[in-house]
Amino acid sequence: MRIGVLTSGGDCPGLNAVIRSVVHRAVVDHGDEVIGFHDGWKGLLEADYRKLDLDAVGGILARGGTILGSSRVQPAHLRDGVERARGHVADLGLDAIIPIGGEGTLKAAHLLSQAGLPIVGVPKTIDNDIASTDVTFGFDTAVGVATEALDRLKTTAESHQRVMVVEVMGRHTGWIALHSGMAAGAHAIVVPERPFDIDELTAIVGERFSAGKRFAIVVVAEGAKPRPGSMRFEEGGTDMYGHERFAGIGNLLAVELEDRLGKEARPVILGHVQRGGTPTAYDRVLATRFGWHAVEAAHRGEFGMLTALRGTDIVMVPLAEAVQTLKTVPSDRYAEAQNVL
Ligand code: F6P
């Protein structure tokens with residue numbers, strides 16, 4: 001069998017572990033040939049690839065990022081490129097393509113699969129928002145990075161009697177905010193799943209200081225939104241010191257809380273630090289299992305499917321099902337955390 005693998009969309013710790021696992025299972029156990037397309041779908045559309053043998057994947061298990069490179073491709077561009085992709089798949093004699101990616105990549109994978117290409121998808125995202133799988137690799141690593149940051153910020157916040165507003169990743173869902181906030185004992189967690197009430201947040205933080213506590217930690221997912229019209233400060237303008245404000249919910253919340261409480265507040269935008277560096281053991285194992293099962297599915301001719309974790313088992317799920325909705329944080333999880341707005 002000849003298998004093509006690619007990584008597409010925002011990178012994520014564990015991508016290299018999947019690539020390594022695909023090569024090990026396919027080349028060593030099945031005697032297959034594996035090629036890796038460069039920079040995501042772009043590599044498939046431009047037939048830009050290299051052969052992946054055991055040497056090519058040596059020493060990459062614990063390395064962050066992706067040795068193949070990644071990019072985001074516009075769906076329209078991909079739609080226009082379906083025939084080109086089909087031509088390259090035929091010319092290269094590929095029997096299977098394993099794209100590793102998040103929401104956008106899986107939608108593209110579904111599109112190509114519907115066009116008849118032999119696709120077996122592997123889900124990835126630090127956001128943990130792919131509906132068909134209990135967990136995506138990269139999430140555990142990102143939560144670990146965010147938790148360590150929150151732990152560290154507590155001591156400096158306490159020294160200065162400050163509010164720390166820590167913005168974590170999560171465009172559409174609050175999984176990283178919820179888990180890191182719970183793990184670090186944050187005093188308030190703000191998620192995109194429901195527009196937050198700034199009065200409620202101000203009260204939670206204010207009560208802490210009134211009770212004699214010297215600091216407060218607020219975790220906010222980057223996609224969180226206030227109830228329309230409820231904030232004193234909106235995007236743009238200057239803060240109480242006349243400094244120009246940056247856009248972004250972390251910055252806005254820090255300015256707003258400082259103004260409302262008369263307490264110093266500092267925004268900390270964790271950003272891409274959550275995506276970089278070595279994957280945790282959990283993420284390496286999940287990524288390795290996904291890679292192994294993707295190769296097996298290809299050998300069974302199970303195309304148009306994607307690997308998924310259900311409980312402790314890896315199962316195959318139709319791509320059509322996986323791209324329907326995002327996995328948002330269910331409201332009973334807010335109750336467990338107690339301080340989700
Ligand atoms: O989807 C993963 C993610 O890390 C989001 O949490 C974040 O909003 C986005 O990617 C950032 O993308 P980019 O790397 O293109 O800035």
# chains A, B, ... in the order shown; residues from 1 in each chain; ligands from 1
>>> residues_near_ligand(ligand="ligand 1", cutoff="12 Å", atoms="only C-alpha atoms and all ligand atoms", output="PyMOL selection string")
chain A and resi 8-13+65+70-73+101-105+123-130+136-139+142-143+167-177+192+221-224+248+269-276+326
>>> residues_around(residues="A:Ala149", least_positions_apart="4", cutoff="9 Å", atoms="only C-alpha atoms", output="ChimeraX atom specification")
/A:144-145,153-154,166,270
>>> closest_residue(among="A:Ile314, A:Ala265, A:Val190, A:Val34", to="A:Arg289", atoms="only C-alpha atoms")
A:Ile314
>>> select_by_dssp(residues="stretch 57-232 of chain A", states="strand (DSSP E or B)", output="number ranges by chain")
A: 96-101, 119-123, 130, 163-168, 188-190, 196, 216-221, 226
>>> atom_distance(atom1="atom CA of A:Gly121", atom2="atom CA of A:Ile100")
6.0 Å
>>> atom_distance(atom1="atom CA of A:Thr307", atom2="atom CA of A:Ser331")
26.4 Å
>>> residues_around(residues="A:His299", least_positions_apart="3", cutoff="12 Å", atoms="only C-alpha atoms", output="count of residues only")
22
>>> closest_residue(among="A:Ser210, A:Asn16, A:Gln114, A:Thr133", to="A:Thr325", atoms="only C-alpha atoms")
A:Thr133
>>> residues_around(residues="stretch 83-93 of chain A", least_positions_apart="6", cutoff="8 Å", atoms="only C-alpha atoms", output="list in words")
Arg2, Leu44, Leu45, Ala47 and Leu117 of chain A
>>> residues_around(residues="A:Glu158", least_positions_apart="4", cutoff="12 Å", atoms="only C-alpha atoms", output="ChimeraX atom specification")
/A:151-154,162-164,209,212-217,264-265
>>> select_by_dssp(residues="stretch 94-330 of chain A", states="alpha helix (DSSP H)", output="tab-separated table (two decimals) with N, CA, C and O atoms, in the first residue's frame")
chain	number	residue	atom	x	y	z
A	103	GLU	N	-11.02	21.16	12.99
A	103	GLU	CA	-12.34	21.37	12.39
A	103	GLU	C	-12.27	21.66	10.88
A	103	GLU	O	-12.91	20.98	10.07
A	104	GLY	N	-11.46	22.65	10.50
A	104	GLY	CA	-11.37	23.06	9.09
A	104	GLY	C	-10.80	21.95	8.23
A	104	GLY	O	-11.32	21.65	7.14
A	105	THR	N	-9.77	21.30	8.73
A	105	THR	CA	-9.10	20.22	7.99
A	105	THR	C	-10.05	19.05	7.78
A	105	THR	O	-10.08	18.43	6.72
A	106	LEU	N	-10.83	18.75	8.80
A	106	LEU	CA	-11.73	17.60	8.70
A	106	LEU	C	-12.88	17.89	7.74
A	106	LEU	O	-13.35	16.99	7.04
A	107	LYS	N	-13.29	19.16	7.69
A	107	LYS	CA	-14.32	19.54	6.70
A	107	LYS	C	-13.75	19.35	5.30
A	107	LYS	O	-14.41	18.83	4.40
A	108	ALA	N	-12.50	19.77	5.11
A	108	ALA	CA	-11.84	19.60	3.82
A	108	ALA	C	-11.69	18.11	3.51
A	108	ALA	O	-11.90	17.67	2.37
A	109	ALA	N	-11.35	17.34	4.52
A	109	ALA	CA	-11.18	15.89	4.33
A	109	ALA	C	-12.51	15.26	3.90
A	109	ALA	O	-12.54	14.40	3.02
A	110	HIS	N	-13.59	15.74	4.50
A	110	HIS	CA	-14.91	15.23	4.16
A	110	HIS	C	-15.25	15.55	2.70
A	110	HIS	O	-15.74	14.70	1.96
A	111	LEU	N	-14.92	16.78	2.31
A	111	LEU	CA	-15.16	17.22	0.94
A	111	LEU	C	-14.42	16.32	-0.06
A	111	LEU	O	-15.01	15.83	-1.03
A	112	LEU	N	-13.14	16.07	0.23
A	112	LEU	CA	-12.35	15.24	-0.69
A	112	LEU	C	-12.83	13.78	-0.66
A	112	LEU	O	-12.79	13.09	-1.68
A	113	SER	N	-13.26	13.36	0.50
A	113	SER	CA	-13.77	12.00	0.63
A	113	SER	C	-15.05	11.83	-0.20
A	113	SER	O	-15.23	10.83	-0.90
A	114	GLN	N	-15.91	12.84	-0.13
A	114	GLN	CA	-17.15	12.80	-0.93
A	114	GLN	C	-16.84	12.80	-2.42
A	114	GLN	O	-17.60	12.27	-3.23
A	139	PHE	N	-4.54	18.77	23.71
A	139	PHE	CA	-5.33	19.41	24.77
A	139	PHE	C	-4.63	19.26	26.12
A	139	PHE	O	-4.48	20.23	26.87
A	140	ASP	N	-4.19	18.06	26.42
A	140	ASP	CA	-3.56	17.82	27.73
A	140	ASP	C	-2.31	18.68	27.88
A	140	ASP	O	-2.06	19.25	28.95
A	141	THR	N	-1.54	18.78	26.80
A	141	THR	CA	-0.33	19.61	26.85
A	141	THR	C	-0.69	21.08	27.08
A	141	THR	O	-0.10	21.75	27.93
A	142	ALA	N	-1.67	21.57	26.33
A	142	ALA	CA	-2.06	22.97	26.44
A	142	ALA	C	-2.58	23.28	27.85
A	142	ALA	O	-2.26	24.32	28.43
A	143	VAL	N	-3.37	22.36	28.40
A	143	VAL	CA	-3.90	22.57	29.75
A	143	VAL	C	-2.75	22.61	30.76
A	143	VAL	O	-2.74	23.41	31.70
A	144	GLY	N	-1.76	21.75	30.55
A	144	GLY	CA	-0.59	21.73	31.44
A	144	GLY	C	0.17	23.05	31.40
A	144	GLY	O	0.54	23.59	32.45
A	145	VAL	N	0.35	23.59	30.20
A	145	VAL	CA	1.06	24.87	30.05
A	145	VAL	C	0.27	25.98	30.73
A	145	VAL	O	0.81	26.79	31.49
A	146	ALA	N	-1.04	26.01	30.48
A	146	ALA	CA	-1.88	27.07	31.06
A	146	ALA	C	-1.93	26.95	32.58
A	146	ALA	O	-1.87	27.95	33.29
A	147	THR	N	-1.99	25.72	33.08
A	147	THR	CA	-2.05	25.52	34.53
A	147	THR	C	-0.76	26.00	35.19
A	147	THR	O	-0.78	26.67	36.24
A	148	GLU	N	0.36	25.67	34.57
A	148	GLU	CA	1.63	26.12	35.16
A	148	GLU	C	1.69	27.64	35.18
A	148	GLU	O	2.13	28.25	36.17
A	149	ALA	N	1.22	28.26	34.10
A	149	ALA	CA	1.22	29.73	34.04
A	149	ALA	C	0.34	30.30	35.16
A	149	ALA	O	0.73	31.25	35.84
A	150	LEU	N	-0.82	29.71	35.36
A	150	LEU	CA	-1.74	30.20	36.39
A	150	LEU	C	-1.11	30.07	37.78
A	150	LEU	O	-1.19	30.99	38.61
A	151	ASP	N	-0.48	28.92	38.03
A	151	ASP	CA	0.19	28.72	39.32
A	151	ASP	C	1.24	29.80	39.55
A	151	ASP	O	1.36	30.37	40.63
A	152	ARG	N	2.01	30.07	38.50
A	152	ARG	CA	3.08	31.07	38.62
A	152	ARG	C	2.52	32.46	38.84
A	152	ARG	O	3.08	33.27	39.58
A	153	LEU	N	1.43	32.75	38.16
A	153	LEU	CA	0.87	34.11	38.25
A	153	LEU	C	0.29	34.40	39.63
A	153	LEU	O	0.23	35.55	40.05
A	154	LYS	N	-0.11	33.35	40.35
A	154	LYS	CA	-0.68	33.56	41.69
A	154	LYS	C	0.30	34.27	42.60
A	154	LYS	O	-0.07	35.17	43.35
A	155	THR	N	1.56	33.86	42.57
A	155	THR	CA	2.52	34.43	43.54
A	155	THR	C	2.78	35.90	43.25
A	155	THR	O	2.80	36.73	44.16
A	156	THR	N	2.95	36.23	41.98
A	156	THR	CA	3.21	37.65	41.68
A	156	THR	C	1.95	38.49	41.89
A	156	THR	O	2.02	39.63	42.34
A	157	ALA	N	0.78	37.89	41.60
A	157	ALA	CA	-0.48	38.62	41.84
A	157	ALA	C	-0.62	38.95	43.33
A	157	ALA	O	-0.99	40.06	43.71
A	158	GLU	N	-0.28	37.98	44.18
A	158	GLU	CA	-0.43	38.16	45.62
A	158	GLU	C	0.54	39.24	46.14
A	158	GLU	O	0.17	40.07	46.97
A	159	SER	N	1.76	39.22	45.61
A	159	SER	CA	2.74	40.22	46.05
A	159	SER	C	2.22	41.63	45.82
A	159	SER	O	2.46	42.53	46.61
A	160	HIS	N	1.51	41.83	44.71
A	160	HIS	CA	1.10	43.18	44.31
A	160	HIS	C	-0.39	43.46	44.51
A	160	HIS	O	-0.87	44.51	44.09
A	175	TRP	N	-12.89	24.67	26.79
A	175	TRP	CA	-12.28	23.49	27.42
A	175	TRP	C	-10.96	23.81	28.11
A	175	TRP	O	-10.72	23.38	29.25
A	176	ILE	N	-10.09	24.55	27.45
A	176	ILE	CA	-8.78	24.86	28.08
A	176	ILE	C	-9.00	25.75	29.30
A	176	ILE	O	-8.40	25.55	30.36
A	177	ALA	N	-9.89	26.74	29.15
A	177	ALA	CA	-10.17	27.64	30.28
A	177	ALA	C	-10.72	26.85	31.47
A	177	ALA	O	-10.27	27.02	32.60
A	178	LEU	N	-11.68	25.96	31.18
A	178	LEU	CA	-12.30	25.19	32.27
A	178	LEU	C	-11.28	24.30	32.97
A	178	LEU	O	-11.17	24.32	34.20
A	179	HIS	N	-10.54	23.52	32.19
A	179	HIS	CA	-9.64	22.55	32.83
A	179	HIS	C	-8.45	23.23	33.51
A	179	HIS	O	-8.10	22.85	34.63
A	180	SER	N	-7.86	24.23	32.89
A	180	SER	CA	-6.72	24.89	33.54
A	180	SER	C	-7.22	25.66	34.75
A	180	SER	O	-6.57	25.70	35.80
A	181	GLY	N	-8.40	26.27	34.61
A	181	GLY	CA	-8.97	27.03	35.72
A	181	GLY	C	-9.27	26.13	36.91
A	181	GLY	O	-9.02	26.48	38.06
A	182	MET	N	-9.82	24.94	36.63
A	182	MET	CA	-10.09	23.99	37.72
A	182	MET	C	-8.79	23.50	38.34
A	182	MET	O	-8.65	23.40	39.56
A	183	ALA	N	-7.82	23.18	37.47
A	183	ALA	CA	-6.56	22.60	37.97
A	183	ALA	C	-5.79	23.60	38.83
A	183	ALA	O	-5.12	23.20	39.78
A	184	ALA	N	-5.89	24.87	38.49
A	184	ALA	CA	-5.11	25.87	39.23
A	184	ALA	C	-5.95	26.58	40.30
A	184	ALA	O	-5.43	27.42	41.02
A	198	ILE	N	-20.73	40.97	33.19
A	198	ILE	CA	-19.58	41.66	33.78
A	198	ILE	C	-19.86	42.08	35.23
A	198	ILE	O	-18.95	42.10	36.06
A	199	ASP	N	-21.13	42.35	35.56
A	199	ASP	CA	-21.46	42.72	36.94
A	199	ASP	C	-21.19	41.53	37.87
A	199	ASP	O	-20.68	41.68	38.97
A	200	GLU	N	-21.57	40.34	37.37
A	200	GLU	CA	-21.36	39.12	38.17
A	200	GLU	C	-19.86	38.87	38.38
A	200	GLU	O	-19.41	38.58	39.49
A	201	LEU	N	-19.10	39.03	37.31
A	201	LEU	CA	-17.65	38.81	37.41
A	201	LEU	C	-17.03	39.83	38.37
A	201	LEU	O	-16.22	39.49	39.24
A	202	THR	N	-17.45	41.08	38.25
A	202	THR	CA	-16.93	42.14	39.14
A	202	THR	C	-17.25	41.79	40.59
A	202	THR	O	-16.40	41.94	41.49
A	203	ALA	N	-18.46	41.30	40.83
A	203	ALA	CA	-18.87	40.97	42.20
A	203	ALA	C	-18.02	39.83	42.76
A	203	ALA	O	-17.56	39.90	43.91
A	204	ILE	N	-17.77	38.80	41.95
A	204	ILE	CA	-16.97	37.65	42.43
A	204	ILE	C	-15.57	38.13	42.84
A	204	ILE	O	-15.07	37.79	43.92
A	205	VAL	N	-14.96	38.91	41.98
A	205	VAL	CA	-13.59	39.37	42.25
A	205	VAL	C	-13.60	40.35	43.43
A	205	VAL	O	-12.76	40.27	44.34
A	206	GLY	N	-14.59	41.26	43.42
A	206	GLY	CA	-14.68	42.26	44.49
A	206	GLY	C	-14.87	41.61	45.85
A	206	GLY	O	-14.23	42.01	46.85
A	207	GLU	N	-15.73	40.59	45.93
A	207	GLU	CA	-15.99	39.91	47.20
A	207	GLU	C	-14.73	39.27	47.75
A	207	GLU	O	-14.51	39.19	48.96
A	208	ARG	N	-13.90	38.77	46.87
A	208	ARG	CA	-12.63	38.16	47.30
A	208	ARG	C	-11.78	39.20	48.03
A	208	ARG	O	-11.25	38.95	49.12
A	209	PHE	N	-11.65	40.35	47.43
A	209	PHE	CA	-10.83	41.39	48.07
A	209	PHE	C	-11.50	41.86	49.37
A	209	PHE	O	-10.82	42.07	50.37
A	210	SER	N	-12.84	41.98	49.35
A	210	SER	CA	-13.54	42.41	50.58
A	210	SER	C	-13.32	41.41	51.70
A	210	SER	O	-13.32	41.77	52.88
A	249	ILE	N	-10.24	39.95	24.47
A	249	ILE	CA	-11.07	39.93	25.67
A	249	ILE	C	-10.25	40.00	26.95
A	249	ILE	O	-10.67	40.60	27.94
A	250	GLY	N	-9.04	39.42	26.95
A	250	GLY	CA	-8.19	39.48	28.15
A	250	GLY	C	-7.83	40.91	28.49
A	250	GLY	O	-7.95	41.34	29.65
A	251	ASN	N	-7.43	41.66	27.49
A	251	ASN	CA	-7.08	43.07	27.71
A	251	ASN	C	-8.29	43.88	28.15
A	251	ASN	O	-8.22	44.68	29.08
A	252	LEU	N	-9.39	43.66	27.48
A	252	LEU	CA	-10.60	44.41	27.81
A	252	LEU	C	-11.07	44.14	29.23
A	252	LEU	O	-11.43	45.05	29.97
A	253	LEU	N	-11.04	42.87	29.61
A	253	LEU	CA	-11.51	42.51	30.95
A	253	LEU	C	-10.61	43.12	32.03
A	253	LEU	O	-11.10	43.55	33.08
A	254	ALA	N	-9.30	43.12	31.78
A	254	ALA	CA	-8.39	43.69	32.77
A	254	ALA	C	-8.69	45.18	32.97
A	254	ALA	O	-8.77	45.67	34.11
A	255	VAL	N	-8.89	45.91	31.86
A	255	VAL	CA	-9.21	47.35	31.95
A	255	VAL	C	-10.53	47.55	32.69
A	255	VAL	O	-10.66	48.40	33.57
A	256	GLU	N	-11.50	46.73	32.33
A	256	GLU	CA	-12.85	46.87	32.91
A	256	GLU	C	-12.83	46.59	34.42
A	256	GLU	O	-13.41	47.34	35.20
A	257	LEU	N	-12.15	45.50	34.82
A	257	LEU	CA	-12.13	45.15	36.24
A	257	LEU	C	-11.35	46.19	37.05
A	257	LEU	O	-11.74	46.55	38.17
A	258	GLU	N	-10.27	46.69	36.47
A	258	GLU	CA	-9.49	47.72	37.17
A	258	GLU	C	-10.36	48.95	37.40
A	258	GLU	O	-10.38	49.53	38.48
A	259	ASP	N	-11.09	49.34	36.39
A	259	ASP	CA	-11.93	50.53	36.47
A	259	ASP	C	-13.06	50.33	37.47
A	259	ASP	O	-13.36	51.21	38.27
A	260	ARG	N	-13.66	49.16	37.44
A	260	ARG	CA	-14.82	48.93	38.32
A	260	ARG	C	-14.41	48.70	39.77
A	260	ARG	O	-15.14	49.06	40.68
A	261	LEU	N	-13.24	48.09	39.99
A	261	LEU	CA	-12.86	47.70	41.35
A	261	LEU	C	-11.84	48.64	41.99
A	261	LEU	O	-11.61	48.59	43.21
A	281	ALA	N	2.98	12.96	28.04
A	281	ALA	CA	2.93	11.51	27.79
A	281	ALA	C	1.53	11.11	27.31
A	281	ALA	O	1.38	10.30	26.38
A	282	TYR	N	0.48	11.69	27.93
A	282	TYR	CA	-0.89	11.37	27.53
A	282	TYR	C	-1.10	11.67	26.05
A	282	TYR	O	-1.65	10.85	25.30
A	283	ASP	N	-0.67	12.86	25.62
A	283	ASP	CA	-0.87	13.25	24.22
A	283	ASP	C	-0.05	12.38	23.27
A	283	ASP	O	-0.50	12.06	22.17
A	284	ARG	N	1.14	11.99	23.69
A	284	ARG	CA	1.97	11.13	22.83
A	284	ARG	C	1.29	9.76	22.63
A	284	ARG	O	1.31	9.20	21.53
A	285	VAL	N	0.73	9.26	23.71
A	285	VAL	CA	0.09	7.94	23.63
A	285	VAL	C	-1.16	8.01	22.75
A	285	VAL	O	-1.36	7.17	21.86
A	286	LEU	N	-1.99	9.03	22.97
A	286	LEU	CA	-3.22	9.16	22.17
A	286	LEU	C	-2.87	9.35	20.69
A	286	LEU	O	-3.46	8.71	19.80
A	287	ALA	N	-1.89	10.19	20.42
A	287	ALA	CA	-1.47	10.45	19.03
A	287	ALA	C	-0.94	9.17	18.39
A	287	ALA	O	-1.25	8.86	17.23
A	288	THR	N	-0.18	8.42	19.14
A	288	THR	CA	0.39	7.17	18.62
A	288	THR	C	-0.73	6.17	18.31
A	288	THR	O	-0.72	5.50	17.27
A	289	ARG	N	-1.71	6.09	19.20
A	289	ARG	CA	-2.83	5.17	18.97
A	289	ARG	C	-3.63	5.60	17.73
A	289	ARG	O	-4.03	4.76	16.92
A	290	PHE	N	-3.88	6.89	17.59
A	290	PHE	CA	-4.61	7.39	16.41
A	290	PHE	C	-3.87	7.00	15.12
A	290	PHE	O	-4.49	6.57	14.15
A	291	GLY	N	-2.55	7.20	15.12
A	291	GLY	CA	-1.77	6.88	13.92
A	291	GLY	C	-1.88	5.40	13.57
A	291	GLY	O	-2.10	5.02	12.41
A	292	TRP	N	-1.74	4.56	14.58
A	292	TRP	CA	-1.81	3.10	14.40
A	292	TRP	C	-3.17	2.70	13.81
A	292	TRP	O	-3.26	1.97	12.83
A	293	HIS	N	-4.23	3.23	14.41
A	293	HIS	CA	-5.59	2.86	13.96
A	293	HIS	C	-5.92	3.44	12.59
A	293	HIS	O	-6.70	2.83	11.84
A	294	ALA	N	-5.34	4.59	12.25
A	294	ALA	CA	-5.59	5.16	10.92
A	294	ALA	C	-5.01	4.23	9.85
A	294	ALA	O	-5.65	3.98	8.81
A	295	VAL	N	-3.84	3.70	10.09
A	295	VAL	CA	-3.22	2.77	9.12
A	295	VAL	C	-4.08	1.49	9.01
A	295	VAL	O	-4.34	1.00	7.91
A	296	GLU	N	-4.53	1.01	10.14
A	296	GLU	CA	-5.37	-0.20	10.11
A	296	GLU	C	-6.66	0.02	9.32
A	296	GLU	O	-7.08	-0.83	8.54
A	297	ALA	N	-7.26	1.19	9.55
A	297	ALA	CA	-8.50	1.50	8.82
A	297	ALA	C	-8.23	1.55	7.32
A	297	ALA	O	-9.02	1.04	6.51
A	298	ALA	N	-7.11	2.14	6.94
A	298	ALA	CA	-6.74	2.22	5.52
A	298	ALA	C	-6.61	0.81	4.94
A	298	ALA	O	-7.08	0.53	3.84
A	299	HIS	N	-6.01	-0.09	5.71
A	299	HIS	CA	-5.83	-1.46	5.21
A	299	HIS	C	-7.15	-2.21	5.11
A	299	HIS	O	-7.30	-3.12	4.29
A	300	ARG	N	-8.09	-1.82	5.94
A	300	ARG	CA	-9.42	-2.46	5.85
A	300	ARG	C	-10.27	-1.80	4.76
A	300	ARG	O	-11.40	-2.20	4.54
A	319	LEU	N	-16.59	10.66	8.82
A	319	LEU	CA	-16.22	12.08	8.76
A	319	LEU	C	-17.46	12.96	8.73
A	319	LEU	O	-17.48	14.04	9.32
A	320	ALA	N	-18.50	12.48	8.04
A	320	ALA	CA	-19.75	13.24	7.92
A	320	ALA	C	-20.29	13.58	9.31
A	320	ALA	O	-20.81	14.68	9.53
A	321	GLU	N	-20.16	12.64	10.24
A	321	GLU	CA	-20.66	12.85	11.60
A	321	GLU	C	-19.75	13.82	12.35
A	321	GLU	O	-20.21	14.69	13.08
A	322	ALA	N	-18.45	13.65	12.14
A	322	ALA	CA	-17.47	14.43	12.91
A	322	ALA	C	-17.52	15.92	12.61
A	322	ALA	O	-17.18	16.73	13.46
